[in-house]
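> For reference, the file protein_35.cif (mmCIF, C-alpha atoms and all ligand atoms) is included below:
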```cif
data_entry
#
loop_
_atom_site.label_atom_id
_atom_site.label_comp_id
_atom_site.auth_asym_id
_atom_site.auth_seq_id
_atom_site.Cartn_x
_atom_site.Cartn_y
_atom_site.Cartn_z
CA MET H 1 -10.28 -46.67 6.14
CA ASN H 2 -10.29 -47.35 2.46
CA ILE H 3 -7.38 -49.64 1.73
CA PRO H 4 -7.92 -51.91 -1.28
CA THR H 5 -7.70 -55.59 -0.35
CA ARG H 6 -5.21 -56.17 -3.18
CA SER H 7 -2.72 -53.83 -1.52
CA ILE H 8 -3.17 -55.65 1.77
CA ALA H 9 -2.50 -58.97 0.05
CA ALA H 10 0.59 -57.55 -1.63
CA GLY H 11 1.70 -56.07 1.70
CA LEU H 12 1.39 -59.43 3.44
CA LEU H 13 3.37 -61.10 0.68
CA VAL H 14 6.09 -58.49 1.09
CA VAL H 15 6.17 -58.85 4.88
CA GLY H 16 6.47 -62.63 4.54
CA LEU H 17 9.29 -62.40 2.03
CA THR H 18 11.14 -59.81 4.09
CA ALA H 19 11.29 -62.11 7.09
CA VAL H 20 12.78 -64.87 4.97
CA VAL H 21 15.15 -62.51 3.17
CA LEU H 22 16.52 -61.18 6.44
CA GLY H 23 16.88 -64.71 7.79
CA LYS H 24 18.89 -65.71 4.74
CA ALA H 25 20.94 -62.56 4.80
CA ARG H 26 21.99 -63.25 8.36
CA ALA H 27 22.70 -66.87 7.53
CA GLY H 28 24.75 -65.79 4.51
CA GLY H 29 22.34 -67.58 2.15
CA ASP H 30 23.13 -68.29 -1.48
CA ASP H 31 20.39 -66.06 -2.85
CA PHE H 32 22.57 -62.96 -2.92
CA PHE H 33 23.41 -61.24 -6.20
CA PRO H 34 25.65 -58.20 -5.76
CA PRO H 35 23.84 -55.00 -6.73
CA ILE H 36 25.36 -52.85 -9.48
CA ALA H 37 28.29 -51.12 -7.78
CA ASP H 38 29.23 -48.88 -10.70
CA LYS H 39 27.55 -45.48 -10.45
CA LEU H 40 27.29 -44.92 -14.19
CA THR H 41 25.72 -48.34 -14.81
CA ALA H 42 23.36 -47.96 -11.85
CA GLU H 43 22.19 -44.63 -13.25
CA GLU H 44 21.87 -45.63 -16.88
CA CYS H 45 20.32 -49.03 -16.22
CA GLY H 46 18.25 -48.21 -13.16
CA GLY H 47 16.00 -45.47 -14.48
CA CYS H 48 13.16 -47.54 -15.95
CA HIS H 49 13.42 -50.66 -13.75
CA MET H 50 15.77 -51.79 -10.98
CA ALA H 51 19.34 -52.12 -12.19
CA PHE H 52 19.46 -55.91 -12.53
CA PRO H 53 22.56 -57.54 -11.02
CA ALA H 54 25.24 -58.23 -13.63
CA ALA H 55 25.62 -61.76 -12.25
CA MET H 56 22.12 -62.68 -13.43
CA LEU H 57 23.08 -63.01 -17.11
CA PRO H 58 26.19 -64.26 -18.91
CA ALA H 59 28.63 -61.88 -20.57
CA ALA H 60 27.34 -62.73 -24.07
CA SER H 61 23.87 -61.55 -23.03
CA TRP H 62 25.12 -58.18 -21.86
CA ARG H 63 27.28 -57.73 -24.97
CA ARG H 64 24.31 -58.39 -27.21
CA MET H 65 21.89 -56.25 -25.17
CA MET H 66 24.30 -53.33 -25.21
CA THR H 67 24.40 -53.36 -29.03
CA GLU H 68 20.59 -53.45 -29.31
CA LEU H 69 19.66 -50.67 -26.88
CA ASN H 70 17.82 -48.71 -29.56
CA ASP H 71 15.18 -51.45 -29.43
CA HIS H 72 15.35 -52.58 -25.82
CA PHE H 73 12.18 -54.60 -25.17
CA GLY H 74 10.30 -52.03 -27.25
CA ASP H 75 11.94 -49.02 -25.57
CA ASP H 76 14.76 -46.83 -26.82
CA ALA H 77 17.45 -47.07 -24.13
CA SER H 78 20.29 -45.87 -26.38
CA LEU H 79 23.49 -44.50 -24.86
CA ASP H 80 26.33 -42.60 -26.45
CA ALA H 81 29.21 -44.81 -27.56
CA ASP H 82 31.54 -43.90 -24.69
CA THR H 83 28.92 -44.49 -21.99
CA ALA H 84 27.80 -47.73 -23.64
CA ALA H 85 31.40 -48.99 -23.72
CA ARG H 86 31.89 -48.27 -20.02
CA VAL H 87 28.59 -49.85 -18.99
CA THR H 88 29.29 -52.88 -21.19
CA ARG H 89 32.69 -53.34 -19.58
CA TYR H 90 31.19 -53.31 -16.07
CA LEU H 91 28.38 -55.74 -16.93
CA VAL H 92 30.68 -58.11 -18.83
CA ASP H 93 33.29 -58.09 -16.06
CA HIS H 94 30.70 -59.02 -13.41
CA ALA H 95 28.54 -61.42 -15.43
CA ALA H 96 27.27 -64.85 -14.41
CA ASP H 97 30.11 -66.58 -16.27
CA THR H 98 32.90 -64.10 -15.47
CA GLY H 99 33.53 -62.10 -12.27
CA GLY H 100 30.04 -62.80 -10.90
CA ARG H 101 30.34 -66.56 -11.41
CA GLN H 102 30.18 -67.41 -7.72
CA TYR H 103 26.72 -65.80 -7.52
CA GLY H 104 25.37 -66.34 -11.02
CA ARG H 105 26.40 -69.91 -11.76
CA LYS H 106 23.19 -71.44 -10.41
CA LEU H 107 21.04 -69.29 -12.73
CA MET H 108 23.04 -70.53 -15.73
CA LYS H 109 21.79 -74.11 -15.42
CA GLY H 110 20.51 -75.26 -18.80
CA ILE H 111 21.98 -72.27 -20.67
CA ARG H 112 24.30 -73.25 -23.56
CA ALA H 113 27.75 -71.71 -23.39
CA ASP H 114 27.19 -69.82 -26.65
CA ALA H 115 23.68 -68.57 -25.79
CA SER H 116 22.89 -64.92 -25.04
CA PRO H 117 19.47 -64.93 -23.33
CA GLN H 118 18.06 -61.42 -22.97
CA ARG H 119 15.62 -61.97 -20.13
CA ILE H 120 16.48 -63.13 -16.61
CA THR H 121 12.78 -64.01 -16.33
CA GLU H 122 13.13 -66.51 -19.20
CA LEU H 123 16.08 -68.43 -17.76
CA PRO H 124 14.97 -72.02 -17.03
CA LYS H 125 16.25 -71.77 -13.46
CA TRP H 126 14.36 -68.49 -12.88
CA ILE H 127 11.17 -70.03 -14.23
CA HIS H 128 11.70 -73.06 -12.02
CA GLU H 129 12.25 -70.91 -8.90
CA HIS H 130 8.96 -69.12 -9.60
CA ASP H 131 6.76 -71.99 -10.72
CA GLU H 132 4.94 -72.05 -7.40
CA VAL H 133 4.08 -68.36 -7.45
CA PRO H 134 0.33 -68.29 -8.06
CA ARG H 135 -0.70 -66.84 -11.41
CA HIS H 136 -2.82 -64.10 -9.83
CA GLU H 137 0.17 -62.71 -7.95
CA TRP H 138 1.86 -61.70 -11.22
CA LYS H 139 -1.26 -59.75 -12.07
CA GLU H 140 -1.37 -57.69 -8.84
CA LYS H 141 -1.27 -54.09 -9.89
CA ASP H 142 1.73 -53.52 -7.61
CA VAL H 143 3.63 -56.20 -9.55
CA GLY H 144 2.63 -55.60 -13.17
CA SER H 145 5.55 -57.50 -14.68
CA LYS H 146 7.75 -60.46 -13.84
CA ALA H 147 10.67 -58.09 -14.27
CA ASN H 148 9.46 -56.01 -11.31
CA CYS H 149 11.56 -57.97 -8.81
CA PRO H 150 11.36 -55.43 -5.94
CA ALA H 151 7.56 -55.77 -5.84
CA CYS H 152 8.05 -59.16 -4.15
CA HIS H 153 11.71 -59.20 -3.18
CA VAL H 154 11.73 -56.06 -1.05
CA ASP H 155 15.49 -56.18 -0.63
CA ALA H 156 16.22 -56.88 -4.30
CA LYS H 157 18.03 -53.58 -4.68
CA LEU H 158 20.36 -54.65 -1.87
CA GLY H 159 20.98 -57.90 -3.72
CA TYR H 160 18.79 -60.24 -1.67
CA PHE H 161 16.34 -62.60 -3.40
CA GLU H 162 14.68 -65.04 -1.09
CA ASP H 163 13.91 -68.72 -1.39
CA ASP H 164 11.97 -70.62 1.23
C1 LIG W 201 14.04 -46.33 -21.31
C2 LIG W 201 13.77 -47.32 -20.28
C3 LIG W 201 14.84 -48.38 -20.05
C4 LIG W 201 16.18 -48.21 -19.78
C5 LIG W 201 16.96 -46.89 -19.69
C6 LIG W 201 16.73 -49.54 -19.59
N1 LIG W 201 15.74 -50.48 -19.70
FE1 LIG W 201 15.98 -52.47 -19.44
N2 LIG W 201 14.01 -52.75 -19.84
C7 LIG W 201 13.11 -51.76 -20.17
C8 LIG W 201 11.81 -52.36 -20.41
C9 LIG W 201 10.53 -51.61 -20.78
C10 LIG W 201 11.97 -53.74 -20.19
C11 LIG W 201 10.89 -54.82 -20.25
C12 LIG W 201 10.30 -54.87 -18.84
C13 LIG W 201 9.18 -55.86 -18.66
O1 LIG W 201 9.10 -56.87 -19.36
O2 LIG W 201 8.39 -55.63 -17.73
C14 LIG W 201 13.37 -53.95 -19.84
C15 LIG W 201 13.90 -55.19 -19.53
C16 LIG W 201 15.22 -55.43 -19.22
C17 LIG W 201 15.78 -56.73 -18.94
C18 LIG W 201 15.03 -58.05 -18.92
C19 LIG W 201 14.23 -58.23 -17.63
C20 LIG W 201 13.63 -59.62 -17.57
O3 LIG W 201 12.45 -59.80 -17.95
O4 LIG W 201 14.35 -60.53 -17.14
C21 LIG W 201 17.11 -56.55 -18.69
C22 LIG W 201 18.11 -57.63 -18.32
C23 LIG W 201 17.38 -55.13 -18.83
N3 LIG W 201 16.21 -54.48 -19.14
C24 LIG W 201 18.63 -54.56 -18.68
C25 LIG W 201 18.88 -53.20 -18.88
C26 LIG W 201 20.21 -52.63 -18.89
C27 LIG W 201 21.49 -53.41 -18.74
C28 LIG W 201 20.05 -51.29 -19.07
C29 LIG W 201 21.15 -50.23 -19.15
C30 LIG W 201 22.03 -50.35 -20.29
C31 LIG W 201 18.63 -51.03 -19.20
N4 LIG W 201 17.96 -52.21 -19.09
C32 LIG W 201 18.06 -49.78 -19.35
C33 LIG W 201 13.37 -50.42 -20.22
C34 LIG W 201 14.58 -49.82 -20.00
C1 LIG W 202 5.19 -61.96 -7.86
C2 LIG W 202 6.31 -61.95 -6.95
C3 LIG W 202 7.72 -62.13 -7.50
C4 LIG W 202 8.36 -61.40 -8.47
C5 LIG W 202 7.81 -60.22 -9.28
C6 LIG W 202 9.70 -61.92 -8.57
N1 LIG W 202 9.85 -62.96 -7.69
FE1 LIG W 202 11.55 -64.03 -7.39
N2 LIG W 202 10.58 -65.25 -6.09
C7 LIG W 202 9.30 -65.03 -5.63
C8 LIG W 202 8.96 -66.09 -4.68
C9 LIG W 202 7.64 -66.24 -3.92
C10 LIG W 202 10.10 -66.93 -4.60
C11 LIG W 202 10.30 -68.17 -3.74
C12 LIG W 202 9.72 -69.34 -4.50
C13 LIG W 202 9.78 -70.63 -3.72
O1 LIG W 202 10.66 -70.77 -2.88
O2 LIG W 202 8.96 -71.49 -3.99
C14 LIG W 202 11.11 -66.35 -5.49
C15 LIG W 202 12.39 -66.88 -5.67
C16 LIG W 202 13.41 -66.23 -6.37
C17 LIG W 202 14.79 -66.67 -6.42
C18 LIG W 202 15.36 -67.90 -5.78
C19 LIG W 202 16.16 -67.54 -4.57
C20 LIG W 202 17.27 -68.56 -4.29
O3 LIG W 202 17.47 -68.85 -3.12
O4 LIG W 202 17.92 -69.02 -5.24
C21 LIG W 202 15.48 -65.76 -7.16
C22 LIG W 202 16.96 -65.75 -7.49
C23 LIG W 202 14.51 -64.76 -7.60
N3 LIG W 202 13.28 -65.08 -7.08
C24 LIG W 202 14.83 -63.70 -8.38
C25 LIG W 202 13.89 -62.83 -8.92
C26 LIG W 202 14.23 -61.80 -9.87
C27 LIG W 202 15.62 -61.52 -10.40
C28 LIG W 202 13.06 -61.16 -10.19
C29 LIG W 202 12.84 -60.05 -11.17
C30 LIG W 202 13.48 -60.22 -12.48
C31 LIG W 202 11.99 -61.80 -9.40
N4 LIG W 202 12.53 -62.82 -8.66
C32 LIG W 202 10.66 -61.44 -9.43
C33 LIG W 202 8.44 -64.04 -6.01
C34 LIG W 202 8.67 -63.11 -7.01
#
```
Would you mind writing the file out in structure tokens?

Amino acid sequence: MNIPTRSIAAGLLVVGLTAVVLGKARAGGDDFFPPIADKLTAEECGGCHMAFPAAMLPAASWRRMMTELNDHFGDDASLDADTAARVTRYLVDHAADTGGRQYGRKLMKGIRADASPQRITELPKWIHEHDEVPRHEWKEKDVGSKANCPACHVDAKLGYFEDD
């Protein structure tokens, strides 16, 4: 057998998180963020990374992001005007301070009402939730980026993000 130890470590992390995620899911925990339910948005925003739940950022963030897609974190994620308008409407309607409030409110702690943060991973609450994750875990080659939620939260695409 020739399995790199790093993969085993990552695998164990995933197994551990899954157990907790399932426990929470059954208990109806508060770490659920509804996955993108709109097919167009899921397709257009799920090609390069998981389609992040709309309830993880406020409406102003999505509005701003959708007007800056030609320089989206260094990538060109441009959409035609009609598609962009439809995706924007979905994200804005389900944002952390609109229709997704019941799920997203806790992530908005410390965010000014007029702010439009562009990264979930830079929200103070997100940083706080992850401050006990050891530095080396972010560097695992299966993780690669803080934005790679499903690397650790195996049920992220179903909307479940664990806490212990
Ligand atoms: C062409 C590829 C591509 C497409 C298409 C794309 N993105 Fe991204 N996105 C990226 C890259 C690259 C990053 C930076 C990832 C990183 O830091 O690891 C990113 C990051 C993000 C982040 C911040 C993640 C964090 O760190 O919290 C959000 C939110 C986001 N994208 C939303 C969207 C939305 C909404 C759409 C659809 C309109 C979209 N993306 C489509 C490439 C893409
Ligand atoms: C390197 C692994 C890793 C990555 C990548 C990661 N997380 Fe986490 N996350 C964790 C761990 C571990 C915890 C639990 C921390 C604790 O309880 O001390 C956690 C906790 C959370 C929580 C708190 C759950 C609750 O009950 O409120 C949320 C929400 C969350 N993560 C969302 C995300 C999102 C969104 C992404 C991607 C943008 C992400 N995480 C990326 C490991 C990770």
> Using all atoms listed in the file, which residues sit within 6 Å of segment 91-98 of chain H once same-chain residues fewer than 6 positions away are excluded, as a PyMOL selection string?
chain H and resi 54-59+104-105
> Using only C-alpha atoms and all ligand atoms, which residues of the polymer chains come no farther than 9 Å from ligand LIG 202 (chain W)? I'd like the answer as a JSON list (two decimals) with C-alpha atoms, keeping the file's coordinate frame.

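What follows is the written file out-v6.json:
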```json
[["chain", "number", "residue", "atom", "x", "y", "z"],
["H", 10, "ALA", "CA", 0.59, -57.55, -1.63],
["H", 13, "LEU", "CA", 3.37, -61.10, 0.68],
["H", 14, "VAL", "CA", 6.09, -58.49, 1.09],
["H", 17, "LEU", "CA", 9.29, -62.40, 2.03],
["H", 24, "LYS", "CA", 18.89, -65.71, 4.74],
["H", 29, "GLY", "CA", 22.34, -67.58, 2.15],
["H", 30, "ASP", "CA", 23.13, -68.29, -1.48],
["H", 31, "ASP", "CA", 20.39, -66.06, -2.85],
["H", 32, "PHE", "CA", 22.57, -62.96, -2.92],
["H", 33, "PHE", "CA", 23.41, -61.24, -6.20],
["H", 50, "MET", "CA", 15.77, -51.79, -10.98],
["H", 52, "PHE", "CA", 19.46, -55.91, -12.53],
["H", 53, "PRO", "CA", 22.56, -57.54, -11.02],
["H", 56, "MET", "CA", 22.12, -62.68, -13.43],
["H", 106, "LYS", "CA", 23.19, -71.44, -10.41],
["H", 107, "LEU", "CA", 21.04, -69.29, -12.73],
["H", 119, "ARG", "CA", 15.62, -61.97, -20.13],
["H", 120, "ILE", "CA", 16.48, -63.13, -16.61],
["H", 121, "THR", "CA", 12.78, -64.01, -16.33],
["H", 125, "LYS", "CA", 16.25, -71.77, -13.46],
["H", 126, "TRP", "CA", 14.36, -68.49, -12.88],
["H", 127, "ILE", "CA", 11.17, -70.03, -14.23],
["H", 128, "HIS", "CA", 11.70, -73.06, -12.02],
["H", 129, "GLU", "CA", 12.25, -70.91, -8.90],
["H", 130, "HIS", "CA", 8.96, -69.12, -9.60],
["H", 131, "ASP", "CA", 6.76, -71.99, -10.72],
["H", 132, "GLU", "CA", 4.94, -72.05, -7.40],
["H", 133, "VAL", "CA", 4.08, -68.36, -7.45],
["H", 134, "PRO", "CA", 0.33, -68.29, -8.06],
["H", 135, "ARG", "CA", -0.70, -66.84, -11.41],
["H", 136, "HIS", "CA", -2.82, -64.10, -9.83],
["H", 137, "GLU", "CA", 0.17, -62.71, -7.95],
["H", 138, "TRP", "CA", 1.86, -61.70, -11.22],
["H", 139, "LYS", "CA", -1.26, -59.75, -12.07],
["H", 140, "GLU", "CA", -1.37, -57.69, -8.84],
["H", 143, "VAL", "CA", 3.63, -56.20, -9.55],
["H", 144, "GLY", "CA", 2.63, -55.60, -13.17],
["H", 145, "SER", "CA", 5.55, -57.50, -14.68],
["H", 146, "LYS", "CA", 7.75, -60.46, -13.84],
["H", 147, "ALA", "CA", 10.67, -58.09, -14.27],
["H", 148, "ASN", "CA", 9.46, -56.01, -11.31],
["H", 149, "CYS", "CA", 11.56, -57.97, -8.81],
["H", 150, "PRO", "CA", 11.36, -55.43, -5.94],
["H", 151, "ALA", "CA", 7.56, -55.77, -5.84],
["H", 152, "CYS", "CA", 8.05, -59.16, -4.15],
["H", 153, "HIS", "CA", 11.71, -59.20, -3.18],
["H", 156, "ALA", "CA", 16.22, -56.88, -4.30],
["H", 160, "TYR", "CA", 18.79, -60.24, -1.67],
["H", 161, "PHE", "CA", 16.34, -62.60, -3.40],
["H", 162, "GLU", "CA", 14.68, -65.04, -1.09],
["H", 163, "ASP", "CA", 13.91, -68.72, -1.39],
["H", 164, "ASP", "CA", 11.97, -70.62, 1.23]]
```
> Counting all atoms listed in the file, which residue out of H:Glu122, H:His72, H:Gln102, H:Thr41 sits closest to Thr88 of chain H?
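Nearest candidate to Thr88 of chain H out of H:Glu122, H:His72, H:Gln102, H:Thr41: H:Thr41.
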> Once you count only C-alpha atoms, which residues end up no further than 10 Å from (21.3, -50.0, -17.3) in the file's frame, shown as an mmCIF file with C-alpha atoms, in the frame of the given file?

```cif
data_model
loop_
_atom_site.group_PDB
_atom_site.id
_atom_site.type_symbol
_atom_site.label_atom_id
_atom_site.label_comp_id
_atom_site.auth_asym_id
_atom_site.auth_seq_id
_atom_site.Cartn_x
_atom_site.Cartn_y
_atom_site.Cartn_z
ATOM 1 C CA ILE H 36 25.360 -52.850 -9.480
ATOM 2 C CA LEU H 40 27.290 -44.920 -14.190
ATOM 3 C CA THR H 41 25.720 -48.340 -14.810
ATOM 4 C CA ALA H 42 23.360 -47.960 -11.850
ATOM 5 C CA GLU H 43 22.190 -44.630 -13.250
ATOM 6 C CA GLU H 44 21.870 -45.630 -16.880
ATOM 7 C CA CYS H 45 20.320 -49.030 -16.220
ATOM 8 C CA GLY H 46 18.250 -48.210 -13.160
ATOM 9 C CA GLY H 47 16.000 -45.470 -14.480
ATOM 10 C CA CYS H 48 13.160 -47.540 -15.950
ATOM 11 C CA HIS H 49 13.420 -50.660 -13.750
ATOM 12 C CA MET H 50 15.770 -51.790 -10.980
ATOM 13 C CA ALA H 51 19.340 -52.120 -12.190
ATOM 14 C CA PHE H 52 19.460 -55.910 -12.530
ATOM 15 C CA PRO H 53 22.560 -57.540 -11.020
ATOM 16 C CA ALA H 54 25.240 -58.230 -13.630
ATOM 17 C CA MET H 66 24.300 -53.330 -25.210
ATOM 18 C CA LEU H 69 19.660 -50.670 -26.880
ATOM 19 C CA ALA H 77 17.450 -47.070 -24.130
ATOM 20 C CA LEU H 79 23.490 -44.500 -24.860
ATOM 21 C CA ALA H 84 27.800 -47.730 -23.640
ATOM 22 C CA VAL H 87 28.590 -49.850 -18.990
ATOM 23 C CA THR H 88 29.290 -52.880 -21.190
ATOM 24 C CA LEU H 91 28.380 -55.740 -16.930
#
```
> Could you jot down the atom CA of Asp75 of chain H to atom CA of Asp155 of chain H separation for me, Å, one decimal place?
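Atom-to-atom, atom CA of Asp75 of chain H and atom CA of Asp155 of chain H are spaced 26.2 Å apart.
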> Just give me the gap between atom CA of Trp62 of chain H and atom CA of Ser116 of chain H in Å, one decimal is fine.
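Taking atom CA of Trp62 of chain H as the start and atom CA of Ser116 of chain H as the end point, the length is 7.8 Å.
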> Output, as AutoDock Vina command-line options, the centre and edge lengths in Å (one decimal) of the axis-aligned box that contains all listed atoms of ligand LIG 201 (chain W) with 8 Å of margin on each side.

```
--center_x 15.2 --center_y -53.4 --center_z -19.2 --size_x 29.6 --size_y 30.2 --size_z 20.2
```
> Can you tell me how far atom CA of Asp38 of chain H sits from atom CA of Ala115 of chain H, in Å to one decimal?
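These atoms are spaced 25.4 Å apart.
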> So which one's closest to ligand LIG 201 (chain W), H:Arg112, H:Lys157, H:Arg101, H:Arg86? Using all atoms listed in the file, please.
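Among the listed residues, the smallest separation from ligand LIG 201 (chain W) belongs to H:Arg86.
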